[in-house]
Structures are given as C-alpha cells and as structure tokens.
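All remarks here apply to the structure that follows.
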Amino acid sequence: MSRLGPAELTLAEIAAEAGVTPGAIVQRFGSKRALLLAIWQGVADTTGDLIRGLRDAHASPLAAVHAYAECMADLASSPAAVVRNRAYLQADLADDDFRAHLQAQARATREGLTELIRAAIA
C-alpha cells in the first residue's frame, strides 16, 4: 500500500509480496475489499497499543510524541506517497465500513496522544 495506490493494488501484487498465491488470499479473505477491511480493523484495534509501545520505548512522554510525529511524517516520504495515502483516505471516507475503522483509529489516536501530552505537561 505504501508503493501502490488503491487502483493499482491487486491481489496478485499482495500475494507476490506475501509469498503466497492470489488464490490463498481469496480463500482466506474472499476479496481485496475484505482483506483491506481486515487490515484496517487490525490498525484500529492496535493503535492504542502502538502509542503505549512508543511511550514504553522512550525516555519521556514528549519523546514518544515526537516519535509518533516522525512515524506519521514517514508516510509522506515523497509527493507520490502523499498522493497514494490521500487516495486510500478518500476511499476510506467514502465507504461506511472503512470509515468505521478509520473513526475507531482516530479515537484511539486522540486518546493515546492526549494521555502522552498530559503526561509530558505534568
């Protein structure tokens, strides 16, 4: 997904990178949409863990906030990467199922960053 936009991302591309056959992905997930929904659910479910892990890995809450910002900035490593990320976001916002995962991730991010910032201020 970091190299290919939504229209370019195929099950064949995903299978090749994962070292499996496209049929194995279809058998497990049924479709590209179902696979992407599973990925987004995983992201939404683990965002809080990611932020807690950053807190545990850094000497201060402020350093963890900086690490989070750096991680997010890496998503925009080139103009083409920004375009791809925006294309996925646009698709996520337009689809109720994807948007639900995006909202859950956003809530977890807000809660985690709020805790880090409050701890940094304290």
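A note on labels: chains of the structure tokens are A, B, ... as shown, every chain counts residues from 1, and ligands are counted from 1 in their shown order.
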
Where does region 22-85 of chain A meet region 99-111 of chain A within 9 Å, residue by residue, with the nearest atom pair and distance in Å to one decimal for each, counting only C-alpha atoms, listed by chain and rising number, as JSON lines?
{"residue": "A:Leu37", "atom": "CA", "partner": "A:His101", "partner_atom": "CA", "distance": 8.0}
{"residue": "A:Trp40", "atom": "CA", "partner": "A:His101", "partner_atom": "CA", "distance": 6.0}
{"residue": "A:Gln41", "atom": "CA", "partner": "A:His101", "partner_atom": "CA", "distance": 5.7}
{"residue": "A:Gly42", "atom": "CA", "partner": "A:His101", "partner_atom": "CA", "distance": 8.8}
{"residue": "A:Val43", "atom": "CA", "partner": "A:Gln105", "partner_atom": "CA", "distance": 6.9}
{"residue": "A:Ala44", "atom": "CA", "partner": "A:Gln105", "partner_atom": "CA", "distance": 4.2}
{"residue": "A:Asp45", "atom": "CA", "partner": "A:Gln105", "partner_atom": "CA", "distance": 7.3}
{"residue": "A:Thr46", "atom": "CA", "partner": "A:Gln105", "partner_atom": "CA", "distance": 8.4}
{"residue": "A:Thr47", "atom": "CA", "partner": "A:Ala108", "partner_atom": "CA", "distance": 6.1}
{"residue": "A:Gly48", "atom": "CA", "partner": "A:Ala108", "partner_atom": "CA", "distance": 5.5}
{"residue": "A:Ile51", "atom": "CA", "partner": "A:Thr109", "partner_atom": "CA", "distance": 7.6}

With only C-alpha atoms as the counted atoms, please give the residues lying no more than 12 Å from Val82 (chain A), apart from itself and same-chain residues fewer than 3 positions off, as a ChimeraX atom specification. /A:1-5,72-79,85-89

Could you give me, as JSON, numbers by chain, each residue of chain A that DSSP assigns to helix (DSSP H, G or I) when run on this structure's backbone? {"A": [11, 12, 13, 14, 15, 16, 17, 18, 22, 23, 24, 25, 26, 27, 28, 29, 32, 33, 34, 35, 36, 37, 38, 39, 40, 41, 42, 43, 44, 45, 46, 47, 48, 49, 50, 51, 52, 53, 54, 55, 56, 57, 61, 62, 63, 64, 65, 66, 67, 68, 69, 70, 71, 72, 73, 74, 75, 76, 79, 80, 81, 82, 83, 84, 85, 86, 87, 88, 89, 90, 91, 92, 93, 94, 96, 97, 98, 99, 100, 101, 102, 103, 104, 105, 106, 107, 108, 109, 110, 111, 112, 113, 114, 115, 116, 117, 118, 119, 120, 121]}

Against region 7-13 of chain A, which residues of region 21-111 of chain A fall within 12 Å? For each one I want the closest pair of atoms and the distance in Å (one decimal), counting only C-alpha atoms, rows by chain and increasing residue number, as JSON lines.
{"residue": "A:Thr21", "atom": "CA", "partner": "A:Ala12", "partner_atom": "CA", "distance": 7.4}
{"residue": "A:Pro22", "atom": "CA", "partner": "A:Ala12", "partner_atom": "CA", "distance": 5.3}
{"residue": "A:Gly23", "atom": "CA", "partner": "A:Leu11", "partner_atom": "CA", "distance": 8.7}
{"residue": "A:Ala24", "atom": "CA", "partner": "A:Leu11", "partner_atom": "CA", "distance": 9.8}
{"residue": "A:Ile25", "atom": "CA", "partner": "A:Leu11", "partner_atom": "CA", "distance": 7.2}
{"residue": "A:Val26", "atom": "CA", "partner": "A:Leu11", "partner_atom": "CA", "distance": 8.0}
{"residue": "A:Gln27", "atom": "CA", "partner": "A:Leu11", "partner_atom": "CA", "distance": 11.5}
{"residue": "A:Arg28", "atom": "CA", "partner": "A:Leu11", "partner_atom": "CA", "distance": 11.9}
{"residue": "A:Phe29", "atom": "CA", "partner": "A:Leu11", "partner_atom": "CA", "distance": 10.6}
{"residue": "A:Gly30", "atom": "CA", "partner": "A:Leu11", "partner_atom": "CA", "distance": 10.5}
{"residue": "A:Ser31", "atom": "CA", "partner": "A:Leu11", "partner_atom": "CA", "distance": 8.1}
{"residue": "A:Lys32", "atom": "CA", "partner": "A:Leu11", "partner_atom": "CA", "distance": 6.2}
{"residue": "A:Arg33", "atom": "CA", "partner": "A:Leu11", "partner_atom": "CA", "distance": 10.0}
{"residue": "A:Ala34", "atom": "CA", "partner": "A:Leu11", "partner_atom": "CA", "distance": 11.2}
{"residue": "A:Leu35", "atom": "CA", "partner": "A:Leu11", "partner_atom": "CA", "distance": 9.2}
{"residue": "A:Leu36", "atom": "CA", "partner": "A:Leu9", "partner_atom": "CA", "distance": 10.4}
{"residue": "A:Arg84", "atom": "CA", "partner": "A:Ala7", "partner_atom": "CA", "distance": 9.7}
{"residue": "A:Ala87", "atom": "CA", "partner": "A:Ala7", "partner_atom": "CA", "distance": 9.0}
{"residue": "A:Tyr88", "atom": "CA", "partner": "A:Ala7", "partner_atom": "CA", "distance": 9.5}
{"residue": "A:Ala91", "atom": "CA", "partner": "A:Ala7", "partner_atom": "CA", "distance": 10.3}

Which polymer residues have any atom within 8 Å of an atom of Ile117 (chain A), counting only C-alpha atoms, with same-chain residues fewer than 3 positions away left out, as an NGL selection string? :A and (61-62 or 65 or 113-114 or 120-121)

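Here CA of Pro6 (chain A) is placed at a distance of 15.3 Å from CA of Ala38 (chain A).
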
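Proximity to Arg118 (chain A) was assessed for A:Ser60, A:Val83, A:Phe98, A:Ala69 counting only C-alpha atoms; the smallest distance is recorded for A:Ser60.
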
Interatomic distance (Å, one decimal) between CA of Tyr68 (chain A) and CA of Ala15 (chain A): 29.6 Å
